[in-house]
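**Q** Quick one: structure below, then a few questions.
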Amino acid sequence: MSDYLVYIGTYAKADEPGIHVYRLDMSSGALSSVSSIDGIDAPSFVAIAPDHRHLYAIGETSEVNGTPGGAVAAFSIDPQTGALAHINTQSSIGGGPCHIDIDPTGRYAFVANYGGGSVAVLSINADGSLGEATDFVQHEGSSVDPARQKEPHAHSFFVAPNGKYALAPDLGLDKIMVYAIDHDSGKLTAQEPGRVEPGQGPRHLAYHPSNGRLYVINEMGNTITAFDFDQDSGAMTRGQTISTLPDGYAETSHTADIHVHPNGKFVYGSNRGHDSIAVYAVLDNGDLETIEIVPTGGQGPRNFGLDPTGAYLIVGGGGSNDIITFSVDSDSGKLTPTCHRVEVPSPVCHKFVPAP
């Protein structure tokens, strides 16, 4: 089985190594350092172009090239070594970017601005460099929590697998904003949003590969909500909501990330505070059933990643400055620590590319 390179975004300062490249040994689950790059403030979330030749990262800055807003940076990926080289940086227009995704054509980057409560689309040129924003949408409104939901907070922006729509869970609105994508102009057209129960605070989502569902993890409610999602019409219909925490757990915890196993049989969600990964079976009707809730061995697992084969899950301890590898049983979905751990300061995001 061929190895993978793992690109890890962090909260490093611009003069510190911010995006790290590690090699994942698929025979053991061990991670070994390959390279790193600095120059971008808090490149916490990264995305890989469909052709694996470029990487894009948000940077949590307040101004770019004299333009207010966070940063969106483009990098080339060396096909021989996997090393990154900075190409250019553009503004995300809104404040406090926190997530980025690339459409299946590789022509546009989709950015969520948490601080500003907005989303933006940036064009990608033929050489992989970023153009200026082709569209920007300011979210409006609030929800029931006066401390955290008095204004919009777009927390992620995920392009649907068929590329027709982009969905933005907004923690401040308790909505999943749905936008149709015009691939000729890079413009967005708002559709009817999906809605979670008030006070849940949606954060990230993951599409199921075949059953027509997507799963939204709710930061404030410590839950996952399932939706039927029609990729042709963009319509969302809310279904089951299930807890990510053990029964009776009463201490403070907030969810972070969610992924569906490549085989479609399992869903995984992370808990910060309880410091665990919740593991679910996907039932025939698309609902979830809890299998186990596994301690991560680190602190504050903001995000985690499944390699494209589903053999390993790697989880970053944002509070313990480490990354820990688990093996995944493809029949049961259960996680087993591999005992492999590497030190990485404030890891956030993990993206995989086949190793050269």
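Following the order of the structure tokens, chains are lettered A, B, ..., residues in each are numbered from 1, and ligands are numbered from 1.
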Might you pull out every residue within 8 Å of Asp170 in chain A, with only C-alpha atoms counted and same-chain residues fewer than 3 positions away left off, and present them as a compact mmCIF listing (two decimals) with C-alpha atoms, in the first residue's frame?
**A**
```
# COMPACT_ATOMS: atom_id res chain seq x y z
CA GLY A 117 -20.06 36.01 9.40
CA PRO A 152 -23.66 35.26 12.10
CA HIS A 153 -20.55 33.09 12.27
CA ALA A 154 -19.94 31.10 9.09
CA HIS A 155 -17.87 28.19 10.33
CA SER A 156 -17.13 26.24 7.14
CA LEU A 173 -27.67 31.42 12.79
CA ASP A 174 -28.30 27.70 13.44
CA LYS A 175 -28.54 27.35 9.67
CA ILE A 176 -26.70 25.58 6.90
CA MET A 177 -26.67 28.16 4.14
CA GLY A 201 -24.44 25.88 16.63
CA PRO A 202 -23.52 23.99 13.43
CA ARG A 203 -19.79 23.86 12.68
```
**Q** Name the residues in contact with Gly115 in chain A at a cut-off of 7 Å, using only C-alpha atoms, excluding same-chain residues fewer than 4 positions from it; report them as a PDB file with C-alpha atoms, in the first residue's frame.
**A**
```pdb
ATOM      1  CA  GLY A  95     -12.794  38.936   8.929  1.00  0.00           C
ATOM      2  CA  GLY A  96     -11.577  35.827  10.722  1.00  0.00           C
ATOM      3  CA  PRO A  97     -11.491  33.156   8.002  1.00  0.00           C
ATOM      4  CA  HIS A 153     -20.546  33.089  12.272  1.00  0.00           C
TER       5      HIS A 153
END
```
**Q** Using only C-alpha atoms, pick whichever of A:Ser185, A:Asn162, A:Thr244, A:Ser129 has the shortest atom-to-atom distance to Met220 in chain A.
**A**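 Selected residue with least distance to Met220 in chain A: A:Thr244.
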**Q** Near Thr336 in chain A, counting only C-alpha atoms, which residues have an atom at most 12 Å away, once you skip same-chain residues fewer than 4 positions from it, shown as a list of chain:residue names?
**A** A:Gly29, A:Ile277, A:Val279, A:Glu292, A:Ile293, A:Val294, A:Pro295, A:Thr296, A:Gly297, A:Ala311, A:Tyr312, A:Leu313, A:Ile314, A:Ile324, A:Thr325, A:Phe326, A:Ser327, A:Val328, A:Asp329, A:Ser330, A:Ser332, A:His340
**Q** With DSSP run on the backbone, what are the strand (DSSP E) residues within range 143-174 of chain A? I'd like them as a list in words.
**A**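 So the strand (DSSP E) residues in range 143-174 of chain A would be Phe158, Val159, Tyr165, Ala166, Leu167, Ala168, Pro169 and Asp170 of chain A.
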**Q** Let me make sure I understand: among A:Asp101, A:Glu197, A:Asp135, A:Asp322, which one has the smallest atom-to-atom distance to Gly163 in chain A if we use only C-alpha atoms?
**A**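 Smallest distance to Gly163 in chain A is found for A:Asp101.
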**Q** Sorted by chain and rising residue number, list the residues of range 15-105 of chain A at most 10 Å from range 301-308 of chain A (counting only C-alpha atoms), each with its closest atom pair and distance in Å to one decimal, as a tab-separated table.
**A**
```
residue	atom	partner	partner_atom	distance
A:Leu24	CA	A:Asp307	CA	9.0
A:Met26	CA	A:Asp307	CA	9.3
A:Phe45	CA	A:Asn303	CA	9.6
```
**Q** Could those selected residues go to a file with C-alpha atoms, as a PDB file, in the first residue's frame?
**A**
```pdb
ATOM      1  CA  LEU A  24       2.186   8.587   6.734  1.00  0.00           C
ATOM      2  CA  MET A  26       0.683   2.960   5.588  1.00  0.00           C
ATOM      3  CA  PHE A  45      -7.186  25.266   7.547  1.00  0.00           C
TER       4      PHE A  45
END
```
**Q** How many Å separate CA of Ala281 in chain A from CA of Asp257 in chain A?
**A** 16.8 Å
